[in-house]
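Reproduced below: data13.pdb, with PDB, C-alpha atoms and all ligand atoms.
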```
ATOM      1  CA  MET A   1     -63.813 -41.909 -22.098
ATOM      2  CA  PRO A   2     -65.404 -40.562 -18.938
ATOM      3  CA  ASN A   3     -68.691 -38.803 -19.461
ATOM      4  CA  LEU A   4     -67.995 -35.171 -18.609
ATOM      5  CA  ARG A   5     -71.557 -33.927 -18.905
ATOM      6  CA  PRO A   6     -72.292 -31.730 -15.850
ATOM      7  CA  SER A   7     -74.531 -33.060 -13.087
ATOM      8  CA  PRO A   8     -78.146 -31.894 -13.342
ATOM      9  CA  ILE A   9     -78.184 -31.528  -9.525
ATOM     10  CA  SER A  10     -77.819 -28.037  -8.084
ATOM     11  CA  PRO A  11     -77.103 -27.619  -4.368
ATOM     12  CA  THR A  12     -78.849 -24.762  -2.549
ATOM     13  CA  VAL A  13     -75.984 -24.694  -0.009
ATOM     14  CA  ASP A  14     -72.408 -23.425  -0.349
ATOM     15  CA  PHE A  15     -70.076 -26.218   0.774
ATOM     16  CA  ASP A  16     -67.271 -23.698   1.410
ATOM     17  CA  ALA A  17     -69.221 -21.248   3.596
ATOM     18  CA  ASP A  18     -68.855 -21.138   7.389
ATOM     19  CA  GLY A  19     -71.847 -21.654   9.673
ATOM     20  CA  VAL A  20     -74.880 -23.945   9.467
ATOM     21  CA  GLN A  21     -76.828 -24.304   6.234
ATOM     22  CA  HIS A  22     -79.922 -26.447   5.751
ATOM     23  CA  GLY A  23     -80.783 -26.855   2.085
ATOM     24  CA  PHE A  24     -81.270 -29.275  -0.743
ATOM     25  CA  LEU A  25     -79.614 -31.095  -3.569
ATOM     26  CA  ARG A  26     -82.206 -30.195  -6.192
ATOM     27  CA  LEU A  27     -82.579 -32.719  -8.992
ATOM     28  CA  PRO A  28     -84.933 -31.797 -11.858
ATOM     29  CA  TYR A  29     -87.504 -34.566 -12.333
ATOM     30  CA  SER A  30     -90.296 -33.870 -14.787
ATOM     31  CA  ARG A  31     -93.352 -36.029 -14.199
ATOM     32  CA  ASP A  32     -97.157 -36.223 -14.478
ATOM     33  CA  ASP A  33     -97.888 -34.336 -11.240
ATOM     34  CA  SER A  34     -95.138 -31.713 -11.664
ATOM     35  CA  ALA A  35     -94.047 -30.789 -15.192
ATOM     36  CA  TRP A  36     -91.027 -28.772 -14.090
ATOM     37  CA  GLY A  37     -90.668 -30.531 -10.742
ATOM     38  CA  SER A  38     -87.615 -31.571  -8.771
ATOM     39  CA  VAL A  39     -86.518 -34.158  -6.244
ATOM     40  CA  MET A  40     -85.412 -32.129  -3.184
ATOM     41  CA  ILE A  41     -82.807 -34.143  -1.270
ATOM     42  CA  PRO A  42     -82.168 -32.574   2.156
ATOM     43  CA  VAL A  43     -78.544 -31.628   2.852
ATOM     44  CA  CYS A  44     -76.924 -29.851   5.794
ATOM     45  CA  VAL A  45     -73.454 -28.302   5.839
ATOM     46  CA  ILE A  46     -71.833 -27.316   9.122
ATOM     47  CA  ARG A  47     -68.478 -25.661   8.606
ATOM     48  CA  ASN A  48     -66.064 -23.809  10.844
ATOM     49  CA  GLY A  49     -62.859 -22.839   9.065
ATOM     50  CA  GLU A  50     -60.171 -25.032   7.600
ATOM     51  CA  GLY A  51     -59.976 -28.673   8.599
ATOM     52  CA  PRO A  52     -60.978 -32.132   7.485
ATOM     53  CA  THR A  53     -64.349 -32.891   5.883
ATOM     54  CA  ALA A  54     -66.690 -35.677   6.966
ATOM     55  CA  LEU A  55     -69.460 -36.876   4.647
ATOM     56  CA  LEU A  56     -72.286 -38.543   6.632
ATOM     57  CA  THR A  57     -75.085 -40.414   4.876
ATOM     58  CA  GLY A  58     -78.197 -42.382   5.805
ATOM     59  CA  GLY A  59     -81.024 -43.718   3.685
ATOM     60  CA  ASN A  60     -78.738 -45.185   1.017
ATOM     61  CA  HIS A  61     -81.406 -47.868   1.257
ATOM     62  CA  GLY A  62     -84.778 -46.281   1.927
ATOM     63  CA  ASP A  63     -86.070 -48.724   4.554
ATOM     64  CA  GLU A  64     -83.208 -48.374   7.074
ATOM     65  CA  TYR A  65     -83.788 -45.895   9.878
ATOM     66  CA  GLU A  66     -80.970 -45.613  12.435
ATOM     67  CA  GLY A  67     -78.861 -43.476  10.069
ATOM     68  CA  PRO A  68     -81.600 -40.984   9.185
ATOM     69  CA  LEU A  69     -82.644 -40.703  12.862
ATOM     70  CA  ALA A  70     -79.074 -39.977  13.974
ATOM     71  CA  LEU A  71     -78.318 -37.617  11.094
ATOM     72  CA  TYR A  72     -81.462 -35.442  11.056
ATOM     73  CA  ASP A  73     -80.786 -35.077  14.802
ATOM     74  CA  LEU A  74     -77.117 -34.176  14.287
ATOM     75  CA  ALA A  75     -78.010 -31.602  11.614
ATOM     76  CA  ARG A  76     -80.406 -29.933  14.079
ATOM     77  CA  THR A  77     -78.059 -29.976  17.075
ATOM     78  CA  LEU A  78     -74.401 -29.776  16.007
ATOM     79  CA  ASP A  79     -72.997 -26.355  16.943
ATOM     80  CA  PRO A  80     -70.381 -25.001  14.506
ATOM     81  CA  LYS A  81     -68.446 -23.708  17.545
ATOM     82  CA  ASP A  82     -67.671 -27.369  18.322
ATOM     83  CA  VAL A  83     -66.513 -28.061  14.735
ATOM     84  CA  SER A  84     -63.089 -27.643  13.096
ATOM     85  CA  GLY A  85     -63.551 -28.268   9.393
ATOM     86  CA  THR A  86     -66.706 -29.358   7.596
ATOM     87  CA  VAL A  87     -69.526 -31.834   8.212
ATOM     88  CA  ILE A  88     -71.739 -32.597   5.208
ATOM     89  CA  ILE A  89     -74.901 -34.467   6.198
ATOM     90  CA  VAL A  90     -77.275 -36.173   3.743
ATOM     91  CA  PRO A  91     -79.662 -38.070   6.039
ATOM     92  CA  ALA A  92     -81.628 -39.707   3.220
ATOM     93  CA  MET A  93     -79.348 -40.312   0.261
ATOM     94  CA  ASN A  94     -81.876 -42.183  -1.894
ATOM     95  CA  TYR A  95     -84.584 -39.705  -0.916
ATOM     96  CA  PRO A  96     -87.345 -41.084  -3.205
ATOM     97  CA  ALA A  97     -86.758 -44.572  -1.723
ATOM     98  CA  PHE A  98     -86.698 -43.150   1.809
ATOM     99  CA  ARG A  99     -90.017 -41.351   1.282
ATOM    100  CA  ALA A 100     -91.555 -44.563  -0.065
ATOM    101  CA  GLY A 101     -90.119 -46.647   2.808
ATOM    102  CA  THR A 102     -88.561 -49.025   0.305
ATOM    103  CA  ARG A 103     -85.020 -50.256  -0.297
ATOM    104  CA  THR A 104     -84.970 -49.084  -3.914
ATOM    105  CA  SER A 105     -86.374 -46.001  -5.603
ATOM    106  CA  PRO A 106     -90.063 -46.103  -6.598
ATOM    107  CA  ILE A 107     -89.137 -43.921  -9.610
ATOM    108  CA  ASP A 108     -86.678 -46.226 -11.349
ATOM    109  CA  LYS A 109     -86.247 -49.217  -8.987
ATOM    110  CA  GLY A 110     -82.659 -47.992  -8.531
ATOM    111  CA  ASN A 111     -80.660 -49.538  -5.706
ATOM    112  CA  MET A 112     -78.351 -46.676  -4.678
ATOM    113  CA  ASN A 113     -75.692 -49.081  -3.466
ATOM    114  CA  ARG A 114     -75.532 -50.810  -6.859
ATOM    115  CA  SER A 115     -75.613 -47.587  -8.937
ATOM    116  CA  PHE A 116     -72.082 -46.171  -8.545
ATOM    117  CA  PRO A 117     -70.340 -44.431 -10.221
ATOM    118  CA  GLY A 118     -73.717 -43.324 -11.601
ATOM    119  CA  ARG A 119     -74.440 -41.264 -14.697
ATOM    120  CA  PRO A 120     -75.339 -37.578 -15.091
ATOM    121  CA  ASP A 121     -77.666 -38.576 -17.962
ATOM    122  CA  GLY A 122     -78.994 -41.762 -16.311
ATOM    123  CA  THR A 123     -81.945 -42.571 -14.091
ATOM    124  CA  VAL A 124     -82.805 -40.472 -11.023
ATOM    125  CA  THR A 125     -80.862 -42.908  -8.809
ATOM    126  CA  GLU A 126     -77.856 -42.841 -11.172
ATOM    127  CA  LYS A 127     -77.913 -39.030 -11.217
ATOM    128  CA  ILE A 128     -77.759 -38.950  -7.389
ATOM    129  CA  ALA A 129     -74.901 -41.485  -7.411
ATOM    130  CA  ASP A 130     -73.018 -39.429 -10.011
ATOM    131  CA  TYR A 131     -73.353 -36.308  -7.843
ATOM    132  CA  PHE A 132     -71.848 -38.149  -4.878
ATOM    133  CA  GLN A 133     -69.136 -39.642  -7.077
ATOM    134  CA  ARG A 134     -67.984 -36.401  -8.698
ATOM    135  CA  HIS A 135     -68.975 -33.669  -6.230
ATOM    136  CA  LEU A 136     -69.348 -34.927  -2.647
ATOM    137  CA  LEU A 137     -66.916 -37.846  -2.266
ATOM    138  CA  PRO A 138     -63.959 -35.823  -3.637
ATOM    139  CA  ARG A 139     -64.511 -33.257  -0.834
ATOM    140  CA  ALA A 140     -64.466 -35.864   1.940
ATOM    141  CA  ASP A 141     -61.591 -37.085   4.088
ATOM    142  CA  ILE A 142     -63.789 -39.510   5.998
ATOM    143  CA  VAL A 143     -67.100 -41.058   4.925
ATOM    144  CA  LEU A 144     -69.647 -42.671   7.262
ATOM    145  CA  ASP A 145     -72.558 -44.414   5.504
ATOM    146  CA  PHE A 146     -75.289 -45.862   7.719
ATOM    147  CA  HIS A 147     -77.028 -49.115   6.916
ATOM    148  CA  SER A 148     -79.353 -51.443   8.766
ATOM    149  CA  GLY A 149     -81.054 -54.601   7.576
ATOM    150  CA  GLY A 150     -84.105 -52.966   6.039
ATOM    151  CA  ARG A 151     -87.366 -54.860   5.747
ATOM    152  CA  THR A 152     -85.847 -58.235   4.922
ATOM    153  CA  LEU A 153     -82.780 -58.610   7.177
ATOM    154  CA  ASP A 154     -81.940 -58.110  10.846
ATOM    155  CA  PHE A 155     -78.342 -57.587  12.038
ATOM    156  CA  LEU A 156     -76.337 -57.543  15.207
ATOM    157  CA  PRO A 157     -75.490 -53.867  15.762
ATOM    158  CA  PHE A 158     -72.049 -53.386  14.228
ATOM    159  CA  CYS A 159     -69.817 -50.794  12.658
ATOM    160  CA  ALA A 160     -67.701 -52.135   9.797
ATOM    161  CA  ALA A 161     -64.954 -51.528   7.303
ATOM    162  CA  HIS A 162     -63.531 -53.653   4.525
ATOM    163  CA  VAL A 163     -60.204 -55.394   4.137
ATOM    164  CA  LEU A 164     -58.417 -53.254   1.500
ATOM    165  CA  PRO A 165     -55.369 -53.629  -0.737
ATOM    166  CA  ASP A 166     -53.934 -50.388   0.716
ATOM    167  CA  LYS A 167     -53.092 -51.401   4.293
ATOM    168  CA  GLU A 168     -52.604 -47.821   5.514
ATOM    169  CA  GLN A 169     -56.088 -46.885   4.243
ATOM    170  CA  GLU A 170     -57.475 -50.081   5.821
ATOM    171  CA  GLN A 171     -55.825 -49.316   9.168
ATOM    172  CA  LYS A 172     -57.339 -45.802   9.179
ATOM    173  CA  ALA A 173     -60.789 -47.229   8.422
ATOM    174  CA  PHE A 174     -60.578 -49.784  11.257
ATOM    175  CA  ALA A 175     -59.349 -47.084  13.651
ATOM    176  CA  ALA A 176     -62.536 -45.152  12.813
ATOM    177  CA  VAL A 177     -64.611 -48.330  13.321
ATOM    178  CA  ALA A 178     -63.014 -48.746  16.767
ATOM    179  CA  ALA A 179     -63.807 -45.106  17.572
ATOM    180  CA  PHE A 180     -67.470 -45.589  16.551
ATOM    181  CA  SER A 181     -67.746 -48.036  19.505
ATOM    182  CA  ALA A 182     -70.686 -50.146  18.389
ATOM    183  CA  PRO A 183     -71.271 -53.289  20.483
ATOM    184  CA  TYR A 184     -69.735 -55.237  17.550
ATOM    185  CA  SER A 185     -67.041 -54.224  15.037
ATOM    186  CA  MET A 186     -66.830 -56.161  11.768
ATOM    187  CA  ARG A 187     -64.168 -56.953   9.195
ATOM    188  CA  MET A 188     -66.732 -57.137   6.448
ATOM    189  CA  ILE A 189     -66.831 -58.778   3.051
ATOM    190  CA  GLU A 190     -69.540 -58.172   0.453
ATOM    191  CA  ILE A 191     -71.473 -60.584  -1.761
ATOM    192  CA  ASP A 192     -70.950 -58.308  -4.781
ATOM    193  CA  THR A 193     -68.938 -55.054  -4.585
ATOM    194  CA  VAL A 194     -69.756 -53.739  -8.074
ATOM    195  CA  GLY A 195     -71.634 -50.433  -8.005
ATOM    196  CA  MET A 196     -71.351 -49.914  -4.259
ATOM    197  CA  TYR A 197     -70.879 -46.469  -2.711
ATOM    198  CA  ASP A 198     -68.387 -48.187  -0.390
ATOM    199  CA  THR A 199     -66.251 -49.264  -3.342
ATOM    200  CA  ALA A 200     -66.455 -45.823  -4.976
ATOM    201  CA  ALA A 201     -65.228 -44.131  -1.778
ATOM    202  CA  GLU A 202     -62.514 -46.713  -1.152
ATOM    203  CA  GLU A 203     -61.223 -46.545  -4.726
ATOM    204  CA  MET A 204     -60.847 -42.764  -4.209
ATOM    205  CA  GLY A 205     -58.642 -43.510  -1.197
ATOM    206  CA  LYS A 206     -61.182 -42.250   1.355
ATOM    207  CA  VAL A 207     -61.501 -43.556   4.905
ATOM    208  CA  PHE A 208     -64.844 -45.342   4.584
ATOM    209  CA  VAL A 209     -66.869 -46.664   7.507
ATOM    210  CA  THR A 210     -70.292 -48.270   7.382
ATOM    211  CA  THR A 211     -72.737 -49.918   9.787
ATOM    212  CA  GLU A 212     -75.415 -52.540  10.062
ATOM    213  CA  LEU A 213     -77.563 -51.607  13.053
ATOM    214  CA  GLY A 214     -80.579 -53.865  13.384
ATOM    215  CA  GLY A 215     -83.222 -53.948  10.675
ATOM    216  CA  GLY A 216     -86.687 -55.286  10.004
ATOM    217  CA  GLY A 217     -87.780 -51.997   8.443
ATOM    218  CA  THR A 218     -87.776 -50.150  11.764
ATOM    219  CA  SER A 219     -85.368 -49.020  14.477
ATOM    220  CA  ARG A 220     -84.935 -49.679  18.182
ATOM    221  CA  ALA A 221     -84.093 -47.237  20.961
ATOM    222  CA  GLU A 222     -80.780 -48.977  21.602
ATOM    223  CA  THR A 223     -79.655 -49.038  17.958
ATOM    224  CA  VAL A 224     -80.509 -45.345  17.525
ATOM    225  CA  ARG A 225     -78.455 -44.543  20.644
ATOM    226  CA  ILE A 226     -75.572 -46.535  19.126
ATOM    227  CA  ALA A 227     -75.892 -44.562  15.862
ATOM    228  CA  ARG A 228     -75.919 -41.174  17.623
ATOM    229  CA  ARG A 229     -72.967 -41.955  19.863
ATOM    230  CA  GLY A 230     -71.038 -43.545  16.981
ATOM    231  CA  THR A 231     -71.506 -40.540  14.696
ATOM    232  CA  LEU A 232     -70.104 -38.123  17.288
ATOM    233  CA  ASN A 233     -67.301 -40.546  18.103
ATOM    234  CA  VAL A 234     -66.225 -40.769  14.448
ATOM    235  CA  LEU A 235     -66.284 -36.959  14.166
ATOM    236  CA  ARG A 236     -64.230 -36.639  17.374
ATOM    237  CA  HIS A 237     -61.818 -39.306  16.157
ATOM    238  CA  ALA A 238     -61.374 -37.356  12.883
ATOM    239  CA  GLY A 239     -60.576 -34.194  14.862
ATOM    240  CA  ILE A 240     -63.651 -32.444  13.414
ATOM    241  CA  VAL A 241     -65.709 -32.296  16.626
ATOM    242  CA  SER A 242     -64.000 -31.345  19.892
ATOM    243  CA  GLY A 243     -63.912 -33.713  22.853
ATOM    244  CA  ALA A 244     -62.734 -37.222  23.576
ATOM    245  CA  VAL A 245     -64.120 -40.354  21.925
ATOM    246  CA  GLU A 246     -66.590 -42.117  24.285
ATOM    247  CA  LYS A 247     -65.187 -45.640  24.057
ATOM    248  CA  THR A 248     -67.432 -48.531  25.029
ATOM    249  CA  PRO A 249     -66.582 -52.246  24.800
ATOM    250  CA  THR A 250     -66.826 -53.850  21.362
ATOM    251  CA  ARG A 251     -66.485 -57.444  20.139
ATOM    252  CA  TRP A 252     -64.507 -57.778  16.911
ATOM    253  CA  LEU A 253     -66.018 -60.067  14.301
ATOM    254  CA  ASP A 254     -64.612 -61.312  11.022
ATOM    255  CA  MET A 255     -66.331 -62.530   7.854
ATOM    256  CA  PRO A 256     -63.477 -64.706   6.566
ATOM    257  CA  SER A 257     -65.047 -65.833   3.268
ATOM    258  CA  GLY A 258     -68.225 -66.059   1.245
ATOM    259  CA  ASP A 259     -69.041 -69.196   3.253
ATOM    260  CA  CYS A 260     -70.481 -66.955   5.964
ATOM    261  CA  PHE A 261     -73.569 -66.289   3.813
ATOM    262  CA  SER A 262     -76.314 -68.949   3.675
ATOM    263  CA  PHE A 263     -79.072 -68.836   1.088
ATOM    264  CA  ALA A 264     -82.495 -70.457   1.015
ATOM    265  CA  GLU A 265     -82.863 -73.134  -1.662
ATOM    266  CA  ASP A 266     -86.627 -73.480  -1.268
ATOM    267  CA  ASP A 267     -89.585 -71.234  -0.633
ATOM    268  CA  GLY A 268     -91.198 -71.700   2.738
ATOM    269  CA  LEU A 269     -91.508 -70.805   6.375
ATOM    270  CA  ILE A 270     -88.142 -69.986   7.940
ATOM    271  CA  GLU A 271     -87.307 -71.060  11.471
ATOM    272  CA  THR A 272     -84.090 -69.512  12.713
ATOM    273  CA  MET A 273     -82.689 -71.994  15.242
ATOM    274  CA  ILE A 274     -80.463 -69.523  17.083
ATOM    275  CA  ASP A 275     -80.833 -65.818  17.776
ATOM    276  CA  LEU A 276     -78.521 -62.992  16.741
ATOM    277  CA  GLY A 277     -75.271 -63.067  18.703
ATOM    278  CA  GLU A 278     -75.655 -66.717  19.764
ATOM    279  CA  SER A 279     -72.773 -69.086  19.072
ATOM    280  CA  VAL A 280     -72.837 -72.019  16.666
ATOM    281  CA  GLU A 281     -70.442 -74.851  15.910
ATOM    282  CA  ALA A 282     -69.651 -75.816  12.318
ATOM    283  CA  GLY A 283     -72.276 -78.301  11.125
ATOM    284  CA  GLN A 284     -74.974 -77.138  13.537
ATOM    285  CA  VAL A 285     -78.396 -76.327  12.041
ATOM    286  CA  VAL A 286     -78.770 -72.530  11.906
ATOM    287  CA  ALA A 287     -82.161 -72.386  10.211
ATOM    288  CA  ARG A 288     -84.819 -74.696   8.855
ATOM    289  CA  ILE A 289     -87.126 -73.935   5.934
ATOM    290  CA  HIS A 290     -90.442 -75.700   6.167
ATOM    291  CA  SER A 291     -92.451 -76.426   3.015
ATOM    292  CA  VAL A 292     -95.923 -74.994   3.234
ATOM    293  CA  GLY A 293     -97.584 -76.408   0.095
ATOM    294  CA  ARG A 294     -98.394 -79.712   1.812
ATOM    295  CA  THR A 295     -97.794 -81.409   5.117
ATOM    296  CA  GLY A 296     -95.331 -84.188   5.767
ATOM    297  CA  GLY A 297     -92.186 -82.872   4.043
ATOM    298  CA  ALA A 298     -88.850 -82.662   5.829
ATOM    299  CA  PRO A 299     -87.570 -79.092   6.208
ATOM    300  CA  GLN A 300     -84.493 -77.855   4.339
ATOM    301  CA  GLU A 301     -81.770 -77.562   6.949
ATOM    302  CA  ILE A 302     -79.208 -74.764   6.692
ATOM    303  CA  ARG A 303     -76.057 -75.812   8.538
ATOM    304  CA  ALA A 304     -73.247 -73.597   9.774
ATOM    305  CA  THR A 305     -70.218 -73.794   7.472
ATOM    306  CA  MET A 306     -68.015 -72.433  10.255
ATOM    307  CA  SER A 307     -68.063 -71.914  14.007
ATOM    308  CA  GLY A 308     -69.024 -68.401  15.034
ATOM    309  CA  VAL A 309     -71.999 -66.252  15.934
ATOM    310  CA  LEU A 310     -75.163 -65.428  14.040
ATOM    311  CA  ALA A 311     -74.567 -61.883  12.704
ATOM    312  CA  ALA A 312     -77.640 -61.497  10.501
ATOM    313  CA  ARG A 313     -80.844 -63.337   9.710
ATOM    314  CA  HIS A 314     -83.740 -63.184   7.272
ATOM    315  CA  PHE A 315     -86.392 -61.058   8.949
ATOM    316  CA  PRO A 316     -89.825 -61.893   7.476
ATOM    317  CA  GLY A 317     -91.242 -65.272   8.450
ATOM    318  CA  LEU A 318     -91.652 -66.388   4.850
ATOM    319  CA  VAL A 319     -88.582 -66.923   2.699
ATOM    320  CA  LYS A 320     -88.055 -67.485  -1.037
ATOM    321  CA  ALA A 321     -85.428 -69.552  -2.814
ATOM    322  CA  GLY A 322     -82.327 -67.374  -3.190
ATOM    323  CA  ASP A 323     -83.012 -65.174  -0.163
ATOM    324  CA  CYS A 324     -80.141 -64.665   2.255
ATOM    325  CA  ALA A 325     -81.247 -66.779   5.233
ATOM    326  CA  ALA A 326     -78.375 -66.257   7.675
ATOM    327  CA  VAL A 327     -74.930 -64.674   7.985
ATOM    328  CA  LEU A 328     -72.296 -66.039  10.340
ATOM    329  CA  ALA A 329     -69.240 -64.237  11.634
ATOM    330  CA  VAL A 330     -66.176 -65.448  13.475
ATOM    331  CA  VAL A 331     -65.329 -63.933  16.858
ATOM    332  CA  GLU A 332     -61.746 -62.584  16.752
TER
HETATM  333 CA    CA B   1     -78.518 -51.586   3.544
END
```
Since I need it in another form, could you write the structure as structure tokens?
Ligand code: CA
Amino acid sequence: MPNLRPSPISPTVDFDADGVQHGFLRLPYSRDDSAWGSVMIPVCVIRNGEGPTALLTGGNHGDEYEGPLALYDLARTLDPKDVSGTVIIVPAMNYPAFRAGTRTSPIDKGNMNRSFPGRPDGTVTEKIADYFQRHLLPRADIVLDFHSGGRTLDFLPFCAAHVLPDKEQEQKAFAAVAAFSAPYSMRMIEIDTVGMYDTAAEEMGKVFVTTELGGGGTSRAETVRIARRGTLNVLRHAGIVSGAVEKTPTRWLDMPSGDCFSFAEDDGLIETMIDLGESVEAGQVVARIHSVGRTGGAPQEIRATMSGVLAARHFPGLVKAGDCAAVLAVVE
């Protein structure tokens, strides 16, 4: 039986009203410093008449910045005269995590992208997920969710969609990825799809597009430019914002199987042997993990299981057993 309890979140915006509204998704959160307090998640709605609805999100993970930078900017600058339909912008989806600068929420350690479909009577993170699941995703025709590598990973700048059982839905998602026009476009697979926002949107039949644009717990000028241009391009492609898509060259990449992920088997000092975007042959050493407890030990060598390019790498210099050390992708 689905839990039909209403969401505790109340929006201060009207999603069906024309014009620009800047408001909040207000989530009651009683705590030591605020007995009747709330988490105030910023939301912007820009609507101009009938038309498709785009749902744009950043800060699903709180330490990823290209999405929030592009989306706070879009909320401030998008003129409803240029819109046909509705743009719903939540620049910092896991707002407590975003304010803490951490991947997961400091309140409940909730990882937003492992919390779907959420619960109206769950943790703060689960309550936010439930609101997206039952109130925001159903409104959307197209969903763009920004990610970057956060503090522990660094990625080639790419826009991505997933291979889906429904080929028409998949084709629409990859057409939106092409419109985004990131330097790289990825046919992406996931290590574990359970609880992901991506999966929730895709299971609802939505056109779902995501990104990985750099990482390391910061942003770069170039990746923010890519995010800004890509957002407008997706909105133009969807017919929501007027004007032609600004196409720039992209290289298509494929993650053909779980073999593209490499994991550290020891703690130590990681030495990535090639940089992002550089080519490797199958069998070549991609990274070495040096023991630090004593001198004289041979490093653990991580070898490429396929020929391709380095698409992502562990970012901090120290690595722990089990950490994702490198991700390879095949050039199409
Ligand atoms: Ca992420």
Using only C-alpha atoms and all ligand atoms, what are the residues with an atom within 7 Å of ligand CA 1 (chain B), set out as a CSV table (one decimal) with C-alpha atoms, in the frame of the given file?
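The resulting file, result.csv, is shown below:
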```csv
chain,number,residue,atom,x,y,z
A,60,ASN,CA,-78.7,-45.2,1.0
A,61,HIS,CA,-81.4,-47.9,1.3
A,64,GLU,CA,-83.2,-48.4,7.1
A,147,HIS,CA,-77.0,-49.1,6.9
A,148,SER,CA,-79.4,-51.4,8.8
A,149,GLY,CA,-81.1,-54.6,7.6
A,150,GLY,CA,-84.1,-53.0,6.0
```
Worksheet item: Which polymer residues have any atom within 6 Å of an atom of Glu126 of chain A, counting all atoms listed in the file, with same-chain residues fewer than 5 positions away left out, as a list in words?
Response: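 Non-adjacent residues within range: Ser115, Gly118 and Arg119 of chain A.
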Within 10 Å of segment 254-263 of chain A, counting only C-alpha atoms, which residues show up once you throw out same-chain ones fewer than 3 positions away? Write them as a PDB file with C-alpha atoms, in the coordinates of the input, please.
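To be explicit, this is the file written out as out38.pdb:
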```
ATOM      1  CA  ALA A 160     -67.701 -52.135   9.797  1.00  0.00           C
ATOM      2  CA  HIS A 162     -63.531 -53.653   4.525  1.00  0.00           C
ATOM      3  CA  SER A 185     -67.041 -54.224  15.037  1.00  0.00           C
ATOM      4  CA  MET A 186     -66.830 -56.161  11.768  1.00  0.00           C
ATOM      5  CA  ARG A 187     -64.168 -56.953   9.195  1.00  0.00           C
ATOM      6  CA  MET A 188     -66.732 -57.137   6.448  1.00  0.00           C
ATOM      7  CA  ILE A 189     -66.831 -58.778   3.051  1.00  0.00           C
ATOM      8  CA  GLU A 190     -69.540 -58.172   0.453  1.00  0.00           C
ATOM      9  CA  ILE A 191     -71.473 -60.584  -1.761  1.00  0.00           C
ATOM     10  CA  ASP A 266     -86.627 -73.480  -1.268  1.00  0.00           C
ATOM     11  CA  VAL A 286     -78.770 -72.530  11.906  1.00  0.00           C
ATOM     12  CA  ALA A 287     -82.161 -72.386  10.211  1.00  0.00           C
ATOM     13  CA  ILE A 302     -79.208 -74.764   6.692  1.00  0.00           C
ATOM     14  CA  ARG A 303     -76.057 -75.812   8.538  1.00  0.00           C
ATOM     15  CA  ALA A 304     -73.247 -73.597   9.774  1.00  0.00           C
ATOM     16  CA  THR A 305     -70.218 -73.794   7.472  1.00  0.00           C
ATOM     17  CA  MET A 306     -68.015 -72.433  10.255  1.00  0.00           C
ATOM     18  CA  SER A 307     -68.063 -71.914  14.007  1.00  0.00           C
ATOM     19  CA  GLY A 308     -69.024 -68.401  15.034  1.00  0.00           C
ATOM     20  CA  LEU A 310     -75.163 -65.428  14.040  1.00  0.00           C
ATOM     21  CA  ALA A 311     -74.567 -61.883  12.704  1.00  0.00           C
ATOM     22  CA  ALA A 312     -77.640 -61.497  10.501  1.00  0.00           C
ATOM     23  CA  ARG A 313     -80.844 -63.337   9.710  1.00  0.00           C
ATOM     24  CA  HIS A 314     -83.740 -63.184   7.272  1.00  0.00           C
ATOM     25  CA  VAL A 319     -88.582 -66.923   2.699  1.00  0.00           C
ATOM     26  CA  LYS A 320     -88.055 -67.485  -1.037  1.00  0.00           C
ATOM     27  CA  ALA A 321     -85.428 -69.552  -2.814  1.00  0.00           C
ATOM     28  CA  GLY A 322     -82.327 -67.374  -3.190  1.00  0.00           C
ATOM     29  CA  ASP A 323     -83.012 -65.174  -0.163  1.00  0.00           C
ATOM     30  CA  CYS A 324     -80.141 -64.665   2.255  1.00  0.00           C
ATOM     31  CA  ALA A 325     -81.247 -66.779   5.233  1.00  0.00           C
ATOM     32  CA  ALA A 326     -78.375 -66.257   7.675  1.00  0.00           C
ATOM     33  CA  VAL A 327     -74.930 -64.674   7.985  1.00  0.00           C
ATOM     34  CA  LEU A 328     -72.296 -66.039  10.340  1.00  0.00           C
ATOM     35  CA  ALA A 329     -69.240 -64.237  11.634  1.00  0.00           C
ATOM     36  CA  VAL A 330     -66.176 -65.448  13.475  1.00  0.00           C
ATOM     37  CA  VAL A 331     -65.329 -63.933  16.858  1.00  0.00           C
ATOM     38  CA  GLU A 332     -61.746 -62.584  16.752  1.00  0.00           C
TER      39      GLU A 332
END
```
Using the chain letters and numbers from this file, what does the PyMOL selection byres (((chain A and resi 175) around 10) and not hetatm) select? Give the answer as an mmCIF file with C-alpha atoms, in the frame of the given file.
```
data_model
loop_
_atom_site.group_PDB
_atom_site.id
_atom_site.type_symbol
_atom_site.label_atom_id
_atom_site.label_comp_id
_atom_site.auth_asym_id
_atom_site.auth_seq_id
_atom_site.Cartn_x
_atom_site.Cartn_y
_atom_site.Cartn_z
ATOM 1 C CA ALA A 161 -64.954 -51.528 7.303
ATOM 2 C CA GLN A 169 -56.088 -46.885 4.243
ATOM 3 C CA GLU A 170 -57.475 -50.081 5.821
ATOM 4 C CA GLN A 171 -55.825 -49.316 9.168
ATOM 5 C CA LYS A 172 -57.339 -45.802 9.179
ATOM 6 C CA ALA A 173 -60.789 -47.229 8.422
ATOM 7 C CA PHE A 174 -60.578 -49.784 11.257
ATOM 8 C CA ALA A 176 -62.536 -45.152 12.813
ATOM 9 C CA VAL A 177 -64.611 -48.330 13.321
ATOM 10 C CA ALA A 178 -63.014 -48.746 16.767
ATOM 11 C CA ALA A 179 -63.807 -45.106 17.572
ATOM 12 C CA PHE A 180 -67.470 -45.589 16.551
ATOM 13 C CA VAL A 207 -61.501 -43.556 4.905
ATOM 14 C CA VAL A 209 -66.869 -46.664 7.507
ATOM 15 C CA VAL A 234 -66.225 -40.769 14.448
ATOM 16 C CA HIS A 237 -61.818 -39.306 16.157
ATOM 17 C CA ALA A 238 -61.374 -37.356 12.883
#
```
Discussion item. Evaluated on this file, the PyMOL selection byres (((chain A and resi 136) around 12) and not hetatm) picks out some residues - which ones are they, written as a VMD selection string?
Written reply: chain A and resid 7 9 11 15 25 43 45 53 to 57 86 to 90 93 128 to 135 137 to 143 197 200 to 201 204 206
